[in-house]
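Colleague: Handing you this structure, nothing more for now.
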Amino acid sequence: MPRSNRSCCGVVEEARLRAHDRRHKPQPWIVLKFAVGLTLALIGYTTYVYVAIFCRDMIVKNQNALGSQALGIVFLVVFCILLLLVLWSYISVVTTSPGYAADLVEKTERPGYPQAHAQQSATSNDTRGMSYELLSPTVDPSHQPSALSTSPKIVTVTLPAVPAAARHDYQSALHQSTHAPDEVHITNIPIDPESTRAPGPATSSSHGNSRESSSDMPPPTFSRRPPTTPVLVPELRYCNRDQIIKPPRTHHCRACGTCVLKYDHHCPWVGHCVGAFNHKFFVNFVQWATMLSFWMFATILGLNVKSRSKSPAPGIQPTSDRCSSSVCLLSALFGLFCGLMFLTQVHLIMLNQTTVESLGFRTMKEREQDNLAHMHRCYDIGAKRRTRKRWDKEWGRIGKEGNLWWLGSNRANWESVMGKNVWWWFLPVGRGLEDGLNFPANPRFDQQGRWRRRREWPSDLR
């Protein structure tokens with residue numbers, strides 16, 4: 001853009017486009033691997049302090065040693081075993097590719113996008129997505145077909161009661177569009193295009209007909225309404241950047257610049273993503289890193305507290321005091337971080353969920369909390385529990401029966417990632433039962449990946 005033609009809005013727009021391009025470019029190699037070098041440096045420093053200062057003073061019987069020679073040898077042996085397992089696991093997760101879809105799937109043109117799903121939520125500025133009340137509208141039978149004969153044509157569709165702010169945002173987006181003179185104008189447009197059909201003559205002819213069609217009406221305003229996006233449809237899994245149809249559970253990583261099979265998250269500490277082929281090694285790494293960190297923290301802190309309680313002579317300070325404080329702090333921080341990460345990964349694997357997929361279930365639970373807050377008072381905990389149990393009886397539990405990839409038991413979910421061999425659960429060897437491309441779907445979902453009610457499940461699962 002020429003400098004003379006620049007305006008304030010033009011400069012802002014240009015800056016926005018540049019920022020957009022930077023976000024969608026893969027990070028340089030040095031940036032991706034910087035944290036790996038930092039992690040190895042921290043491991044090297046803590047190893048030097050623990051072995052060359054803390055354990056050595058006890059083994060050579062230094063006068064400033066915090067323990068006996070036998071205790072120093074035991075501490076050193078245990079530390080070396082844990083350190084070997086940590087390095088083995090870390091090297092495995094760093095050197096093993098998470099699995100890139102572009103290497104296993106051929107490029108193709110974008111398939112036809114279904115028109116039924118071209119319209120997205122008008123309230124997209126809400127980070128939790130569209131509210132449940134806007135998903136299943138009801139048709140007002142009071143309007144007769146004669147209303148369609150006027151010009152411009154108007155089809156009035158009423159929605160269930162929604163908050164005024166959400167309804168205002170939704171309708172304000174509608175009024176911004178323009179229509180031709182003979183075009184049908186629709187007010188309060190719902191997401192489902194089939195619900196915009198005008199009511200026929202039989203709709204309001206008699207109470208008997210309305211009673212017969214009551215079973216086809218949408219569920220009540222406040223109820224569990226899972227997402228209706230057909231996640232298994234190829235048109236919705238196409239990646240414009242890699243130009244491939246992504247396998248199920250595959251996501252595009254901006255940092256790596258490519259699609260990752262069974263994408264869990266991008267971990268800067270390993271230099272790339274955690275995916276289908278290195279997920280097991282990542283769990284092994286955080287498992288042994290937690291044990292090593294807490295071992296260092298407990299042994300150093302315990303012996304230092306014991307030595308201080310003996311009130312050593314003034315002016316004599318143990319040699320390990322020079323670095324033990326920093327090592328205790330580092331080991332405590334890394335132990336807490338890796339421990340929480342390990343517990344989180346175990347919980348998600350038991351549910352056969354990735355970190356990205358768990359965010360969707362969290363969003364659904366937050367929406368249910370909003371619905372329960374509208375239905376019951378804040379202190380009416382028993383009523384909320386009964387309502388949630390009623391929804392679970394109708395649909396199943398969120399995250400289990402409501403998980404497209406749930407295999408039916410925690411053991412089966414665990415073995416799909418960690419393997420059937422028990423030794424593989426602790427050592428960075430072997431692999432899980434998944435190939436990263438194909439996953440057995442939960443039979444409680446339809447062929448397009450939408451959650452069905454319990455009455456629509458196979459008879460043996462109800």
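In the structure tokens, each chain is lettered A, B, ... as it comes, each chain's residues begin at 1, and ligands are numbered from 1 in order of appearance.
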For Asp264 of chain A, please output as a list in words all residues within 10 Å (counting only C-alpha atoms; exclusion window: fewer than 5 positions along the same chain).
Modeller: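 With the cut-off at 10 Å, the set is Pro98, Arg249, Thr250, His251, Cys273, Val274, Gly275, Ala276, His279, Gln345, Gln353, Thr354, Thr355, Val356, Glu357 and Ser358 of chain A.
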Colleague: Find the nearest atom pair between each residue of segment 235-295 of chain A and segment 32-40 of chain A for residues within 7 Å, count only C-alpha atoms, give distances in Å to one decimal, sort rows by chain and ascending number, and present the table as JSON lines.
Modeller:
{"residue": "A:Pro268", "atom": "CA", "partner": "A:Ala35", "partner_atom": "CA", "distance": 6.0}
{"residue": "A:Trp269", "atom": "CA", "partner": "A:Ala35", "partner_atom": "CA", "distance": 5.1}
{"residue": "A:Val270", "atom": "CA", "partner": "A:Val36", "partner_atom": "CA", "distance": 5.7}
{"residue": "A:Gly271", "atom": "CA", "partner": "A:Lys33", "partner_atom": "CA", "distance": 4.9}
{"residue": "A:His272", "atom": "CA", "partner": "A:Leu32", "partner_atom": "CA", "distance": 6.8}
Colleague: Any chance you could export the current selection's all heavy atoms as a short mmCIF file (atom, residue, chain, number, x, y, z; two decimals), in the first residue's frame?
Modeller:
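Below is the file that was written, part_31.cif:
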data_model
loop_
_atom_site.label_atom_id
_atom_site.label_comp_id
_atom_site.auth_asym_id
_atom_site.auth_seq_id
_atom_site.Cartn_x
_atom_site.Cartn_y
_atom_site.Cartn_z
N PRO A 268 6.08 -27.80 23.88
CA PRO A 268 7.39 -27.19 23.55
C PRO A 268 8.55 -27.91 24.21
O PRO A 268 9.68 -27.82 23.71
CB PRO A 268 7.24 -25.76 24.09
CG PRO A 268 6.17 -25.84 25.13
CD PRO A 268 5.23 -26.91 24.68
N TRP A 269 8.33 -28.64 25.30
CA TRP A 269 9.42 -29.31 26.00
C TRP A 269 9.95 -30.51 25.22
O TRP A 269 11.07 -30.98 25.50
CB TRP A 269 8.96 -29.75 27.38
CG TRP A 269 8.54 -28.61 28.25
CD1 TRP A 269 7.27 -28.25 28.57
CD2 TRP A 269 9.38 -27.63 28.86
NE1 TRP A 269 7.26 -27.13 29.36
CE2 TRP A 269 8.55 -26.73 29.56
CE3 TRP A 269 10.77 -27.44 28.91
CZ2 TRP A 269 9.04 -25.64 30.27
CZ3 TRP A 269 11.27 -26.36 29.62
CH2 TRP A 269 10.42 -25.49 30.30
N VAL A 270 9.19 -31.03 24.27
CA VAL A 270 9.68 -32.12 23.44
C VAL A 270 9.92 -31.67 22.01
O VAL A 270 10.35 -32.47 21.17
CB VAL A 270 8.69 -33.31 23.46
CG1 VAL A 270 8.50 -33.81 24.88
CG2 VAL A 270 7.36 -32.93 22.85
N GLY A 271 9.64 -30.42 21.69
CA GLY A 271 9.99 -29.87 20.39
C GLY A 271 8.98 -30.12 19.29
O GLY A 271 9.20 -29.67 18.17
N HIS A 272 7.92 -30.83 19.56
CA HIS A 272 6.86 -31.04 18.55
C HIS A 272 5.58 -31.46 19.27
O HIS A 272 5.45 -31.26 20.48
CB HIS A 272 7.29 -32.08 17.49
CG HIS A 272 7.80 -33.37 18.07
ND1 HIS A 272 8.79 -34.11 17.49
CD2 HIS A 272 7.47 -34.04 19.20
CE1 HIS A 272 9.04 -35.18 18.21
NE2 HIS A 272 8.24 -35.15 19.26
#
Colleague: Would you mind reading off the distance between atom CA of Ser416 of chain A and atom CA of Ile81 of chain A, one decimal, in Å?
Modeller: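 Going from atom CA of Ser416 of chain A over to atom CA of Ile81 of chain A covers 27.9 Å.
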Colleague: Pick out the closest residue to Leu87 of chain A from this set: A:Gly402, A:Pro428, A:Pro226, A:Pro111. Count only C-alpha atoms.
Modeller: A:Pro428
Colleague: Within 9 Å of Thr96 of chain A, counting only C-alpha atoms, which residues show up once you throw out same-chain ones fewer than 3 positions away? Write them as a list of chain:residue names, please.
Modeller: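 My reading of the contact set: A:Ile91, A:Ser92, A:Val93, A:Gly99, A:Phe277, A:Asn278, A:Phe281.
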Colleague: Might you pull out every residue within 12 Å of Tyr45 of chain A, with only C-alpha atoms counted and same-chain residues fewer than 5 positions away left off, and present them as a CSV table (one decimal) with N, CA and C atoms, in the first residue's frame?
Modeller:
chain,number,residue,atom,x,y,z
A,38,LEU,N,17.0,-26.6,26.6
A,38,LEU,CA,16.9,-26.0,28.0
A,38,LEU,C,16.6,-27.2,28.9
A,39,THR,N,15.7,-28.1,28.5
A,39,THR,CA,15.4,-29.3,29.4
A,39,THR,C,16.6,-30.1,29.7
A,40,LEU,N,17.4,-30.4,28.6
A,40,LEU,CA,18.7,-31.2,28.8
A,40,LEU,C,19.6,-30.5,29.7
A,50,TYR,N,23.4,-33.2,42.4
A,50,TYR,CA,23.0,-34.4,43.2
A,50,TYR,C,24.1,-35.4,43.3
A,51,VAL,N,24.8,-35.7,42.2
A,51,VAL,CA,25.8,-36.7,42.2
A,51,VAL,C,27.2,-36.2,42.7
A,52,ALA,N,27.7,-35.1,42.0
A,52,ALA,CA,29.0,-34.6,42.3
A,52,ALA,C,29.2,-33.9,43.6
A,53,ILE,N,28.1,-33.5,44.2
A,53,ILE,CA,28.1,-32.7,45.5
A,53,ILE,C,27.4,-33.5,46.6
A,323,CYS,N,24.3,-25.4,46.6
A,323,CYS,CA,23.4,-25.6,45.5
A,323,CYS,C,22.1,-26.3,45.8
A,324,SER,N,22.0,-26.8,47.1
A,324,SER,CA,20.8,-27.7,47.4
A,324,SER,C,19.5,-26.9,47.4
A,326,SER,N,18.6,-24.4,45.3
A,326,SER,CA,18.2,-24.2,44.0
A,326,SER,C,17.7,-25.6,43.4
A,327,VAL,N,18.4,-26.7,43.7
A,327,VAL,CA,17.9,-28.0,43.2
A,327,VAL,C,16.6,-28.4,43.9
A,330,LEU,N,13.9,-26.4,42.0
A,330,LEU,CA,13.7,-26.9,40.7
A,330,LEU,C,13.0,-28.2,40.7
A,331,SER,N,13.4,-29.1,41.6
A,331,SER,CA,12.8,-30.5,41.6
A,331,SER,C,11.4,-30.4,42.1
